[in-house]
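> Data: final-v7.txt, compact mmCIF, C-alpha atoms.
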# COMPACT_ATOMS: atom_id res chain seq x y z
CA MET A 64 16.73 -15.78 47.87
CA GLU A 65 18.62 -13.49 45.51
CA ASP A 66 19.10 -16.37 43.07
CA GLN A 67 15.38 -17.11 43.14
CA LEU A 68 14.51 -13.46 42.54
CA ALA A 69 16.96 -13.34 39.65
CA LYS A 70 15.39 -16.44 38.12
CA LEU A 71 11.89 -15.01 38.54
CA THR A 72 12.98 -11.74 36.95
CA ALA A 73 14.58 -13.58 34.06
CA SER A 74 11.47 -15.73 33.61
CA ALA A 75 9.23 -12.65 33.61
CA GLU A 76 11.41 -10.95 31.03
CA GLU A 77 11.42 -14.05 28.86
CA LEU A 78 7.63 -14.35 29.17
CA THR A 79 7.24 -10.70 28.16
CA MET A 80 9.49 -11.22 25.16
CA TYR A 81 7.46 -14.17 23.92
CA ALA A 82 4.17 -12.36 24.55
CA ASN A 83 5.46 -9.48 22.45
CA ALA A 84 6.64 -11.91 19.80
CA LEU A 85 3.19 -13.51 19.66
CA TRP A 86 1.55 -10.11 19.17
CA VAL A 87 3.99 -9.14 16.43
CA LEU A 88 3.45 -12.46 14.64
CA VAL A 89 -0.34 -12.08 14.84
CA SER A 90 0.04 -8.53 13.51
CA ALA A 91 2.26 -9.78 10.70
CA ALA A 92 -0.39 -12.33 9.78
CA LEU A 93 -3.00 -9.55 9.67
CA VAL A 94 -0.74 -7.48 7.42
CA PHE A 95 -0.18 -10.49 5.19
CA PHE A 96 -3.95 -11.00 5.00
CA MET A 97 -4.21 -7.43 3.70
CA HIS A 98 -2.99 -8.78 0.36
CA ALA A 99 -6.32 -10.57 0.05
CA GLY A 100 -7.92 -7.17 0.50
CA PHE A 101 -5.69 -5.55 -2.10
CA ALA A 102 -6.48 -8.36 -4.54
CA LEU A 103 -10.23 -7.96 -4.08
CA VAL A 104 -10.15 -4.16 -4.26
CA GLU A 105 -8.03 -4.10 -7.40
CA SER A 106 -9.91 -6.87 -9.21
CA GLY A 107 -13.27 -5.36 -8.25
CA PHE A 108 -12.32 -1.88 -9.42
CA CYS A 109 -10.93 -3.14 -12.73
CA ARG A 110 -12.91 -4.44 -15.69
CA ARG A 111 -13.99 -8.07 -15.63
CA LYS A 112 -11.78 -9.03 -18.58
CA ASN A 113 -8.65 -8.36 -16.49
CA ALA A 114 -9.68 -9.71 -13.08
CA VAL A 115 -7.56 -12.88 -13.27
CA MET A 116 -4.44 -10.97 -14.28
CA VAL A 117 -4.93 -8.59 -11.34
CA LEU A 118 -5.02 -11.59 -9.01
CA MET A 119 -1.90 -12.98 -10.67
CA LYS A 120 -0.04 -9.72 -10.06
CA ASN A 121 -1.07 -9.62 -6.42
CA PHE A 122 0.11 -13.15 -5.74
CA GLY A 123 3.31 -12.57 -7.68
CA VAL A 124 4.26 -9.40 -5.86
CA VAL A 125 4.06 -11.22 -2.51
CA ALA A 126 6.23 -14.06 -3.79
CA VAL A 127 8.88 -11.88 -5.43
CA SER A 128 9.14 -9.27 -2.68
CA SER A 129 9.28 -11.91 0.06
CA ILE A 130 12.32 -13.61 -1.43
CA ILE A 131 14.18 -10.42 -2.38
CA PHE A 132 13.58 -8.70 0.97
CA PHE A 133 14.71 -11.83 2.81
CA LEU A 134 17.92 -12.05 0.79
CA VAL A 135 18.85 -8.38 0.35
CA GLY A 136 16.22 -5.82 1.34
CA TYR A 137 16.38 -6.41 5.08
CA GLY A 138 20.10 -5.72 5.12
CA VAL A 139 19.70 -2.52 3.11
CA MET A 140 16.96 -1.36 5.49
CA PHE A 141 18.25 -2.41 8.91
CA GLY A 142 21.87 -3.41 8.48
CA GLU A 143 24.72 -1.31 9.81
CA GLY A 144 25.91 1.16 7.21
CA ASN A 145 25.68 4.89 6.74
CA ALA A 146 22.99 7.57 6.84
CA PHE A 147 21.76 6.54 3.38
CA MET A 148 21.52 2.72 3.45
CA GLY A 149 22.48 -0.41 5.34
CA LEU A 150 25.48 -2.41 4.23
CA ALA A 151 25.24 -5.51 6.43
CA SER A 152 22.81 -8.18 7.72
CA PHE A 153 22.28 -9.73 4.30
CA PHE A 154 21.38 -13.40 3.91
CA PRO A 155 22.41 -15.63 5.66
CA ASN A 156 23.18 -13.18 8.49
CA ASN A 157 19.77 -11.55 8.63
CA GLY A 158 18.06 -13.18 11.59
CA GLY A 159 17.22 -9.91 13.29
CA ALA A 160 18.73 -11.12 16.56
CA ASP A 161 19.71 -7.52 17.43
CA SER A 162 16.04 -6.61 18.09
CA ASP A 163 14.16 -7.17 21.36
CA LEU A 164 12.21 -9.98 19.70
CA PRO A 165 13.23 -13.58 19.03
CA PRO A 166 15.23 -14.12 15.82
CA TYR A 167 13.31 -13.77 12.56
CA VAL A 168 10.12 -12.39 14.16
CA PHE A 169 11.08 -8.80 13.39
CA LEU A 170 12.35 -9.86 9.96
CA PHE A 171 9.02 -11.45 9.05
CA PHE A 172 7.06 -8.43 10.24
CA GLN A 173 9.16 -6.12 8.08
CA LEU A 174 8.96 -8.51 5.13
CA VAL A 175 5.17 -8.25 4.91
CA PHE A 176 5.48 -4.45 5.02
CA ALA A 177 7.81 -4.54 2.02
CA ALA A 178 5.32 -6.61 0.06
CA THR A 179 2.61 -4.04 0.83
CA ALA A 180 4.62 -1.16 -0.65
CA CYS A 181 5.02 -2.99 -3.95
CA THR A 182 1.40 -4.14 -4.07
CA ILE A 183 0.35 -0.48 -4.16
CA VAL A 184 2.08 -0.14 -7.53
CA SER A 185 0.08 -3.01 -9.01
CA GLY A 186 -3.26 -1.23 -8.80
CA ALA A 187 -2.14 1.96 -10.53
CA ILE A 188 -0.81 0.13 -13.60
CA ALA A 189 -3.51 -2.54 -13.78
CA GLU A 190 -5.00 -3.71 -17.09
CA ARG A 191 -2.04 -2.75 -19.30
CA ALA A 192 1.30 -3.58 -17.62
CA ARG A 193 3.27 -6.71 -18.56
CA LEU A 194 3.45 -9.28 -15.80
CA LEU A 195 7.13 -10.16 -16.26
CA THR A 196 8.22 -6.53 -16.30
CA PHE A 197 6.20 -5.81 -13.18
CA PHE A 198 7.85 -8.71 -11.38
CA ILE A 199 11.29 -7.38 -12.34
CA PHE A 200 10.31 -3.92 -11.10
CA THR A 201 9.07 -5.44 -7.83
CA ALA A 202 12.40 -7.19 -7.29
CA ILE A 203 14.39 -3.99 -7.88
CA ALA A 204 12.04 -1.90 -5.73
CA THR A 205 12.28 -4.37 -2.85
CA MET A 206 16.05 -4.33 -3.16
CA MET A 207 16.93 -0.65 -3.57
CA ILE A 208 13.92 1.70 -3.31
CA TYR A 209 11.65 0.74 -0.41
CA PRO A 210 14.44 -0.41 1.94
CA VAL A 211 16.55 2.69 1.30
CA VAL A 212 13.76 5.02 2.41
CA GLY A 213 13.01 2.61 5.25
CA HIS A 214 16.63 2.88 6.38
CA TRP A 215 16.38 6.67 6.43
CA VAL A 216 13.47 6.49 8.88
CA TRP A 217 13.52 3.17 10.76
CA GLY A 218 17.09 1.98 10.26
CA GLY A 219 18.92 4.86 11.93
CA GLY A 220 19.38 6.92 8.75
CA TRP A 221 19.44 10.66 8.21
CA LEU A 222 15.71 11.29 8.66
CA SER A 223 15.72 9.34 11.91
CA GLU A 224 18.59 11.50 13.16
CA ALA A 225 16.64 14.62 12.16
CA GLY A 226 13.68 13.60 14.38
CA PHE A 227 11.32 12.60 11.57
CA MET A 228 8.21 10.76 12.83
CA ASP A 229 6.53 8.01 10.83
CA PHE A 230 5.30 5.44 13.30
CA ALA A 231 3.87 2.82 10.93
CA GLY A 232 4.66 4.01 7.42
CA SER A 233 2.55 6.78 5.87
CA THR A 234 5.70 7.76 4.01
CA VAL A 235 7.91 4.68 4.28
CA VAL A 236 5.29 2.24 2.97
CA HIS A 237 2.39 4.14 1.43
CA GLY A 238 4.12 7.25 0.18
CA VAL A 239 6.90 5.19 -1.36
CA GLY A 240 4.36 2.87 -2.99
CA GLY A 241 2.41 5.85 -4.28
CA GLY A 242 5.54 7.49 -5.71
CA MET A 243 6.53 4.34 -7.57
CA ALA A 244 2.94 3.93 -8.77
CA LEU A 245 2.85 7.47 -10.17
CA ALA A 246 6.10 6.87 -12.05
CA GLY A 247 4.73 3.64 -13.50
CA ALA A 248 1.41 5.17 -14.53
CA LEU A 249 3.17 8.03 -16.32
CA ILE A 250 5.65 5.86 -18.20
CA ILE A 251 3.28 3.02 -19.09
CA GLY A 252 0.51 5.44 -20.02
CA PRO A 253 -3.29 5.22 -19.72
CA ARG A 254 -5.47 2.33 -20.78
CA LEU A 255 -6.55 2.32 -24.41
CA GLY A 256 -9.64 4.46 -24.86
CA ARG A 257 -9.47 6.00 -21.39
CA TYR A 258 -8.79 9.50 -22.69
CA LEU A 259 -10.11 10.74 -26.02
CA LYS A 260 -8.53 13.10 -28.53
CA ASP A 261 -11.04 15.83 -27.78
CA GLY A 262 -9.70 16.06 -24.22
CA THR A 263 -12.55 14.20 -22.55
CA SER A 264 -12.24 11.00 -20.56
CA ARG A 265 -14.15 7.77 -21.07
CA PRO A 266 -15.33 6.09 -17.86
CA MET A 267 -14.18 2.52 -17.30
CA PRO A 268 -16.29 1.62 -14.27
CA ALA A 269 -15.58 -1.06 -11.71
CA HIS A 270 -17.04 -4.42 -12.62
CA ASN A 271 -17.71 -5.78 -9.12
CA PHE A 272 -18.41 -3.45 -6.19
CA PRO A 273 -19.18 -6.26 -3.70
CA LEU A 274 -15.64 -7.60 -4.21
CA ALA A 275 -14.15 -4.14 -3.80
CA ALA A 276 -16.17 -3.44 -0.65
CA LEU A 277 -15.16 -6.76 0.90
CA GLY A 278 -11.55 -5.99 0.03
CA VAL A 279 -11.69 -2.64 1.82
CA LEU A 280 -13.12 -4.28 4.93
CA ILE A 281 -10.27 -6.82 4.89
CA LEU A 282 -7.75 -4.00 4.53
CA TRP A 283 -9.43 -2.12 7.38
CA LEU A 284 -9.09 -5.20 9.59
CA GLY A 285 -5.49 -5.79 8.55
CA TRP A 286 -4.58 -2.20 9.39
CA PHE A 287 -5.08 -2.95 13.08
CA GLY A 288 -2.07 -5.26 12.76
CA PHE A 289 -0.26 -2.83 10.48
CA ASN A 290 -0.41 0.02 12.99
CA GLY A 291 -0.83 -1.89 16.23
CA GLY A 292 1.98 -4.29 15.44
CA SER A 293 4.37 -1.42 14.78
CA GLU A 294 4.52 -0.89 18.54
CA LEU A 295 6.50 -4.19 18.50
CA ALA A 296 5.07 -5.02 21.93
CA ILE A 297 1.72 -5.77 23.52
CA ASP A 298 1.38 -2.89 25.95
CA ALA A 299 -1.00 -0.17 27.06
CA GLU A 300 -0.48 1.83 23.86
CA VAL A 301 -1.76 -0.84 21.47
CA GLY A 302 -5.42 -0.37 22.34
CA ARG A 303 -5.20 3.37 21.74
CA ILE A 304 -3.33 2.86 18.46
CA VAL A 305 -5.95 0.53 16.97
CA LEU A 306 -8.79 2.73 18.27
CA VAL A 307 -7.31 5.83 16.64
CA THR A 308 -6.80 3.83 13.44
CA ASN A 309 -10.45 2.82 13.36
CA ILE A 310 -11.64 6.37 14.06
CA ALA A 311 -9.60 7.83 11.22
CA ALA A 312 -10.86 5.21 8.76
CA SER A 313 -14.46 5.90 9.75
CA ALA A 314 -13.97 9.64 9.34
CA GLY A 315 -12.28 9.11 5.99
CA PHE A 316 -15.23 7.11 4.68
CA LEU A 317 -17.76 9.70 5.82
CA GLY A 318 -15.67 12.64 4.68
CA ALA A 319 -15.22 11.27 1.17
CA LEU A 320 -18.88 10.27 0.90
CA ALA A 321 -20.11 13.70 1.97
CA TRP A 322 -17.64 15.54 -0.23
CA ILE A 323 -18.37 13.61 -3.42
CA ARG A 324 -22.11 14.00 -2.73
CA MET A 325 -21.63 17.78 -2.59
CA ARG A 326 -19.42 17.73 -5.68
CA SER A 327 -21.50 15.46 -7.90
CA GLY A 328 -24.85 14.92 -6.22
CA LEU A 329 -24.15 11.18 -6.13
CA LEU A 330 -23.37 8.69 -3.38
CA ASP A 331 -20.25 7.34 -5.06
CA LEU A 332 -19.29 4.08 -3.37
CA SER A 333 -15.87 3.90 -5.03
CA MET A 334 -14.94 7.31 -3.61
CA ALA A 335 -16.28 6.39 -0.17
CA LEU A 336 -14.33 3.13 -0.09
CA ASN A 337 -11.16 4.90 -1.11
CA GLY A 338 -11.95 7.53 1.52
CA ALA A 339 -11.81 4.86 4.22
CA LEU A 340 -8.43 3.73 2.90
CA ALA A 341 -7.29 7.35 2.74
CA GLY A 342 -8.18 7.78 6.41
CA LEU A 343 -6.18 4.67 7.26
CA VAL A 344 -3.17 5.85 5.29
CA GLY A 345 -3.49 9.34 6.76
CA ILE A 346 -3.32 8.15 10.37
CA THR A 347 -0.59 5.55 9.83
CA ALA A 348 2.29 7.94 10.53
CA GLY A 349 0.64 9.44 13.60
CA CYS A 350 -1.40 6.61 15.10
CA TYR A 351 0.94 6.70 18.12
CA ASN A 352 1.30 10.50 18.27
CA ILE A 353 -2.15 11.88 17.36
CA PRO A 354 -5.02 11.63 19.89
CA GLY A 355 -8.49 10.44 18.95
CA GLY A 356 -10.14 13.82 18.52
CA TRP A 357 -7.55 15.02 16.06
CA ALA A 358 -7.67 11.61 14.35
CA ILE A 359 -11.23 12.45 13.28
CA VAL A 360 -9.92 15.64 11.68
CA VAL A 361 -7.12 13.73 9.94
CA GLY A 362 -9.57 11.16 8.59
CA LEU A 363 -12.05 13.77 7.35
CA LEU A 364 -9.33 15.77 5.61
CA ALA A 365 -7.86 12.61 4.09
CA GLY A 366 -11.28 11.66 2.73
CA VAL A 367 -11.75 15.06 1.10
CA LEU A 368 -8.18 15.01 -0.22
CA CYS A 369 -8.82 11.57 -1.70
CA VAL A 370 -11.79 12.79 -3.73
CA GLU A 371 -9.99 15.89 -4.96
CA GLY A 372 -6.86 13.91 -5.78
CA VAL A 373 -8.72 11.36 -7.89
CA LEU A 374 -10.49 14.13 -9.80
CA LEU A 375 -7.23 16.03 -10.30
CA LEU A 376 -5.39 13.02 -11.70
CA ASP A 377 -8.26 12.45 -14.11
CA LYS A 378 -7.96 16.05 -15.33
CA LEU A 379 -4.22 15.52 -15.78
CA ARG A 380 -4.99 12.36 -17.80
CA ILE A 381 -3.10 10.12 -15.39
CA ASP A 382 -4.90 6.77 -15.45
CA ASP A 383 -5.12 5.03 -12.08
CA PRO A 384 -7.86 2.37 -12.12
CA VAL A 385 -8.04 1.97 -8.34
CA GLY A 386 -6.99 5.39 -7.01
CA ALA A 387 -3.75 4.06 -5.52
CA ILE A 388 -1.68 7.14 -6.30
CA THR A 389 -4.07 9.41 -4.44
CA VAL A 390 -4.88 7.08 -1.55
CA HIS A 391 -1.33 6.02 -0.80
CA GLY A 392 0.86 8.71 -2.33
CA ILE A 393 -0.98 11.98 -1.72
CA CYS A 394 -2.64 10.87 1.52
CA GLY A 395 0.62 9.30 2.68
CA ILE A 396 2.32 12.68 2.39
CA PHE A 397 -0.61 14.37 4.12
CA GLY A 398 -0.65 11.83 6.96
CA THR A 399 3.04 12.36 7.59
CA ILE A 400 2.65 16.14 7.64
CA ALA A 401 -0.36 15.75 9.97
CA VAL A 402 2.00 14.66 12.75
CA GLY A 403 3.56 18.12 12.52
CA LEU A 404 0.10 19.67 12.78
CA PHE A 405 -1.66 17.63 15.48
CA GLY A 406 0.98 15.37 17.05
CA TYR A 407 2.33 14.85 20.55
CA GLY A 408 5.40 13.07 21.79
CA ASN A 409 3.09 11.40 24.31
CA ALA A 410 -0.43 11.39 22.89
CA ALA A 411 -1.82 9.20 25.69
CA GLU A 412 -1.26 12.01 28.21
CA LEU A 413 -1.41 14.90 25.71
CA ALA A 414 2.15 15.71 26.73
CA GLU A 415 5.17 16.90 24.76
CA PRO A 416 3.27 18.66 21.94
CA VAL A 417 5.09 18.75 18.61
CA GLY A 418 2.24 19.74 16.27
CA LEU A 419 1.65 23.31 15.17
CA PHE A 420 -2.04 23.32 16.19
CA VAL A 421 -1.41 21.85 19.66
CA GLY A 422 1.27 24.28 20.76
CA GLY A 423 4.36 22.54 19.47
CA GLY A 424 5.56 25.18 17.03
CA ALA A 425 6.56 24.72 13.42
CA SER A 426 9.88 22.86 13.70
CA GLN A 427 8.36 19.36 13.57
CA LEU A 428 6.06 20.43 10.75
CA TRP A 429 9.12 21.40 8.70
CA ILE A 430 10.84 18.08 9.45
CA GLN A 431 7.71 16.13 8.52
CA THR A 432 7.24 18.06 5.29
CA TYR A 433 10.73 17.73 3.88
CA GLY A 434 11.00 14.15 5.10
CA ALA A 435 7.79 13.09 3.36
CA LEU A 436 8.73 14.88 0.15
CA ALA A 437 12.22 13.38 0.23
CA GLY A 438 10.93 9.82 0.68
CA VAL A 439 8.18 10.01 -1.91
CA GLY A 440 10.36 12.02 -4.30
CA PHE A 441 13.14 9.44 -4.09
CA ALA A 442 10.67 6.63 -4.81
CA PHE A 443 9.23 8.55 -7.76
CA LEU A 444 12.59 9.44 -9.31
CA ILE A 445 14.32 6.09 -8.84
CA GLY A 446 11.14 4.21 -9.67
CA GLY A 447 10.82 6.25 -12.85
CA LEU A 448 14.39 5.46 -13.84
CA VAL A 449 13.74 1.75 -13.28
CA TRP A 450 10.54 1.86 -15.34
CA LEU A 451 12.38 3.63 -18.17
CA MET A 452 15.20 1.11 -18.03
CA LEU A 453 12.72 -1.76 -18.24
CA LYS A 454 10.84 -0.05 -21.07
CA PHE A 455 13.91 0.14 -23.29
CA LEU A 456 15.96 -2.87 -22.16
CA VAL A 457 13.45 -5.66 -21.57
CA PRO A 458 12.15 -7.34 -24.75
CA GLY A 459 8.51 -6.40 -25.13
CA GLY A 460 8.83 -3.36 -22.88
CA VAL A 461 6.54 -2.54 -19.99
CA ARG A 462 3.16 -2.69 -21.72
CA VAL A 463 1.11 -5.51 -23.19
CA SER A 464 0.27 -5.46 -26.89
CA GLU A 465 -2.71 -3.46 -28.09
CA ALA A 466 -4.44 -6.63 -29.25
CA HIS A 467 -4.08 -8.29 -25.84
CA GLU A 468 -5.23 -5.17 -24.02
CA LEU A 469 -8.36 -4.89 -26.14
CA GLU A 470 -9.16 -8.57 -25.84
CA GLY A 471 -8.53 -8.63 -22.12
CA LEU A 472 -5.51 -10.04 -20.34
CA ASP A 473 -7.44 -12.88 -18.75
CA ILE A 474 -8.19 -14.53 -22.09
CA ALA A 475 -5.19 -13.27 -24.04
CA GLU A 476 -2.46 -14.12 -21.53
CA CYS A 477 -3.99 -16.40 -18.90
CA GLY A 478 -6.39 -18.36 -21.10
CA VAL A 479 -9.22 -18.20 -18.57
CA GLU A 480 -11.97 -15.88 -17.41
CA ALA A 481 -12.82 -14.93 -13.85
CA TYR A 482 -16.48 -15.89 -14.31
CA ASN A 483 -16.46 -18.99 -16.48
CA GLU A 484 -19.83 -20.20 -15.20
CA GLU A 485 -21.51 -17.83 -17.68
CA LEU A 486 -20.09 -19.92 -20.52
CA ALA A 487 -21.59 -23.21 -19.41
CA GLY A 488 -24.61 -24.70 -21.15
CA VAL A 489 -25.99 -21.53 -22.73
CA HIS A 490 -25.01 -22.01 -26.38
CA ALA A 491 -25.07 -25.50 -27.82
CA ASP A 492 -22.95 -24.40 -30.77
CA ILE A 493 -19.81 -24.16 -28.63
CA PRO A 494 -17.93 -27.40 -29.38
CA MET A 495 -16.81 -29.70 -26.61
CA GLY A 496 -13.29 -28.82 -25.53
CA ALA A 497 -13.39 -25.28 -26.96
CA SER A 498 -10.79 -22.99 -25.45
CA ALA A 499 -11.83 -20.17 -23.16
CA ARG A 500 -10.90 -17.70 -25.89
CA GLU A 501 -13.11 -19.44 -28.47
CA ALA A 502 -16.00 -19.69 -26.04
CA ALA A 503 -15.68 -16.05 -25.02
CA GLY A 504 -15.77 -15.03 -28.67
CA VAL A 505 -19.17 -16.67 -29.00
CA MET A 506 -20.62 -15.82 -25.62
CA VAL A 507 -19.47 -12.35 -24.60
CA PRO A 508 -20.01 -9.30 -26.81
CA ALA A 509 -16.84 -7.30 -27.37
CA GLU A 510 -18.21 -4.20 -25.68
CA ASN A 511 -18.85 -6.14 -22.46
CA ARG A 512 -15.46 -7.80 -22.22
Take the structure in the file and give it back as structure tokens.

Amino acid sequence: MEDQLAKLTASAEELTMYANALWVLVSAALVFFMHAGFALVESGFCRRKNAVMVLMKNFGVVAVSSIIFFLVGYGVMFGEGNAFMGLASFFPNNGGADSDLPPYVFLFFQLVFAATACTIVSGAIAERARLLTFFIFTAIATMMIYPVVGHWVWGGGWLSEAGFMDFAGSTVVHGVGGGMALAGALIIGPRLGRYLKDGTSRPMPAHNFPLAALGVLILWLGWFGFNGGSELAIDAEVGRIVLVTNIAASAGFLGALAWIRMRSGLLDLSMALNGALAGLVGITAGCYNIPGGWAIVVGLLAGVLCVEGVLLLDKLRIDDPVGAITVHGICGIFGTIAVGLFGYGNAAELAEPVGLFVGGGASQLWIQTYGALAGVGFAFLIGGLVWLMLKFLVPGGVRVSEAHELEGLDIAECGVEAYNEELAGVHADIPMGASAREAAGVMVPAENR
């Protein structure tokens, strides 16, 4: 009888492990699918003449970061080491067998997170950064920036020991991505013609809002795996985590829409879409610790902060075509601090309050504040050093030529346009076999490219 009970217990434990593994793999697939959302958002928010290059960057960042994190980044993030970084579990000894999941399941889940952090950078430097240089930056960031901060928080490092809370990555993923994006935008500089000598700015509006809106919906969907999968198990908490995530995104959309309407008198879709993303980023750190009612507050505040952040960066002449620095960097810091304002150790039962506004005092707020600033500050400083190194050491630097930027990177560097159907059968004077560049010169006025 005892042997049978032992076998049943072992079978139940094994079944639970594989059920958890299935949930984590499904969540990882949802997070991976978020890259389709990033690609659509970034290409939609950019000008049409650079849409293909934006897609190229988004595919490339997944490819580069996947290989580098598999070989090196996982060991830096989760390997045994010191309070600063991991020094073990590099390829080929990186199966993740020390987790409660089957080998490589945890590794794959963390790999798609690493790719997300680097994708954030792509949007902020779109339309003027060199592809090769960006790929090199992505490799370095996946090797020694993102995983170092990840080790501090999730790998047993110094912030973990201090009691820092970042359940799914407001700081580790989004804040780090935002910090690296800010460094890149400052060093690469704004797009040509974005800011004029008289101090005014020249709008460069999105070319395709339907694409951008679809991209945000895909990101919204993927975030259920991003936050829900971070539980690393399919249990009673997952439903609450994804519900809170959805509530914060909804509040972020409405908050940004209402705020920009009051500020400008317009229903600005780009601000509202970014507001939804800001709400998602804002709740990512506290989706386990913040209850639903406070999640509405977090989302609303993140939406307002998103609008003000975008406007502030424009005043500072920092060019960010998609709002990535504000959405991920500023709102990532806010979302992390929000745990110290509204969080509980056990949000499901409203027990163990740690947030200032729920009776938990100010100690967790202090930990959250300096932890978020340390993580984002490290990403900004080291990312800036890497960008400077690439600017001066890589032939051609970090920025495309002025001629290519004016012509558009799709034609100048990729040799194609995103919407080639407009070139077909309209002008008979385009010779058979003409290149995309020759055809575009005939068909598309310079001011519309």
> For CA of Ile183 in chain A and CA of Asn309 in chain A, determine how far apart the two atoms are, in Å to one decimal place.
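Separation between CA of Ile183 in chain A and CA of Asn309 in chain A: 20.8 Å.
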> When distances are computed from only C-alpha atoms, which of A:Ala192, A:Ile203, A:Ala177, A:Ala312 shows the smallest separation from Glu468 in chain A?
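When distances to Glu468 in chain A are compared using only C-alpha atoms, the smallest one comes from A:Ala192.
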> Near Gly408 in chain A, within 7 Å and counting only C-alpha atoms, which residues show up once chain neighbours fewer than 5 positions away are dropped, as a short mmCIF file (atom, residue, chain, number, x, y, z; two decimals) with C-alpha atoms, in the frame of the given file?

data_model
loop_
_atom_site.label_atom_id
_atom_site.label_comp_id
_atom_site.auth_asym_id
_atom_site.auth_seq_id
_atom_site.Cartn_x
_atom_site.Cartn_y
_atom_site.Cartn_z
CA ASN A 352 1.30 10.50 18.27
CA ALA A 414 2.15 15.71 26.73
CA GLU A 415 5.17 16.90 24.76
CA PRO A 416 3.27 18.66 21.94
CA VAL A 417 5.09 18.75 18.61
#
> Given the choices A:Ala231, A:Leu376, A:Ala180, A:Leu277, which gets closest to Ile346 in chain A if the distance is worked out from all atoms listed in the file?
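Using all atoms listed in the file, Ile346 in chain A sits closest to A:Ala231.
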> When you count only C-alpha atoms, which of these residues is closest to Ile359 in chain A: A:Met325, A:Cys109, A:Ala314, A:Leu118?
A:Ala314
> From the set A:Gly440, A:Gly100, A:Gly186, A:Gly138, which residue has the shortest atom-to-atom contact distance to Ile281 in chain A, counting only C-alpha atoms?
A:Gly100
> Tell me, in Å to one decimal, how far CA of Ile430 in chain A is from CA of Val235 in chain A.
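Result for CA of Ile430 in chain A versus CA of Val235 in chain A: 14.7 Å, one decimal.
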> What does the distance between CA of Glu300 in chain A and CA of Ala411 in chain A come to in Å, to one decimal place?
7.7 Å
> Would you please work out which residue, of A:Glu476, A:Glu294, A:Glu412, A:Asp382, is nearest to Ala244 in chain A when using all atoms listed in the file?
A:Asp382
> Using only C-alpha atoms, which of the listed residues (A:Leu174, A:Leu134, A:Met228, A:Met80) sits closest to Val94 in chain A?
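For Val94 in chain A, the nearest of the candidates is A:Leu174.
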> Quick one: residues within 9 Å of Ala275 in chain A, all atoms listed in the file counted, chain neighbours fewer than 3 positions away excluded, as a list in words?
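Everything that qualifies: Gly100, Phe101, Ala102, Leu103, Val104, Glu105, Ser106, Gly107, Phe108, Ala269, Asn271, Phe272, Gly278, Val279, Leu280, Ser333 and Leu336 of chain A.
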> Write out as a VMD selection string which residues come within 12 Å of range 115-117 of chain A when counting all atoms listed in the file, dropping same-chain ones fewer than 5 positions away.
chain A and resid 98 to 99 101 to 110 122 to 124 182 184 to 195 197 384 to 385 463 467 to 468 471 to 483
> Write out as CSV the residues of range 402-459 of chain A that have any atom within 9 Å of an atom of range 248-264 of chain A, one row each with the nearest atom pair and its distance in Å to one decimal, counting only C-alpha atoms, sorted by chain and then rising number.

residue,atom,partner,partner_atom,distance
A:Gly447,CA,A:Ile250,CA,7.5
A:Trp450,CA,A:Ile250,CA,6.9
A:Leu451,CA,A:Ile250,CA,7.1
A:Lys454,CA,A:Ile250,CA,8.4
> Applying 9 Å and only C-alpha atoms, which residues near Phe176 in chain A remain after dropping the ones on its own chain fewer than 6 positions away? List them as a list in words.
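Close residues of Phe176 in chain A: Ala91, Val94, Phe95, Gly232, Val236 and Phe289 of chain A.
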> Neighbours of Ala410 in chain A within 12 Å (only C-alpha atoms; same-chain residues fewer than 2 positions away dropped), as a ChimeraX atom specification?
/A:300,303-304,307,349-358,402,405-408,412-418,421
> Provide range 149-156 of chain A rebuilt to N, CA and C atoms, formatted as a compact mmCIF listing (two decimals), in the coordinates of the input.

# COMPACT_ATOMS: atom_id res chain seq x y z
N GLY A 149 21.78 0.63 4.61
CA GLY A 149 22.48 -0.41 5.34
C GLY A 149 23.39 -1.21 4.44
N LEU A 150 24.48 -1.68 5.01
CA LEU A 150 25.48 -2.41 4.23
C LEU A 150 25.83 -3.75 4.87
N ALA A 151 24.97 -4.25 5.74
CA ALA A 151 25.24 -5.51 6.43
C ALA A 151 23.92 -6.23 6.67
N SER A 152 23.99 -7.37 7.37
CA SER A 152 22.81 -8.18 7.72
C SER A 152 22.10 -8.74 6.50
N PHE A 153 22.86 -9.05 5.45
CA PHE A 153 22.28 -9.73 4.30
C PHE A 153 22.23 -11.23 4.58
N PHE A 154 21.43 -11.95 3.78
CA PHE A 154 21.38 -13.40 3.91
C PHE A 154 22.79 -13.98 3.77
N PRO A 155 23.20 -14.92 4.64
CA PRO A 155 22.41 -15.63 5.66
C PRO A 155 22.51 -15.02 7.06
N ASN A 156 23.00 -13.80 7.17
CA ASN A 156 23.18 -13.18 8.49
C ASN A 156 22.11 -12.13 8.75
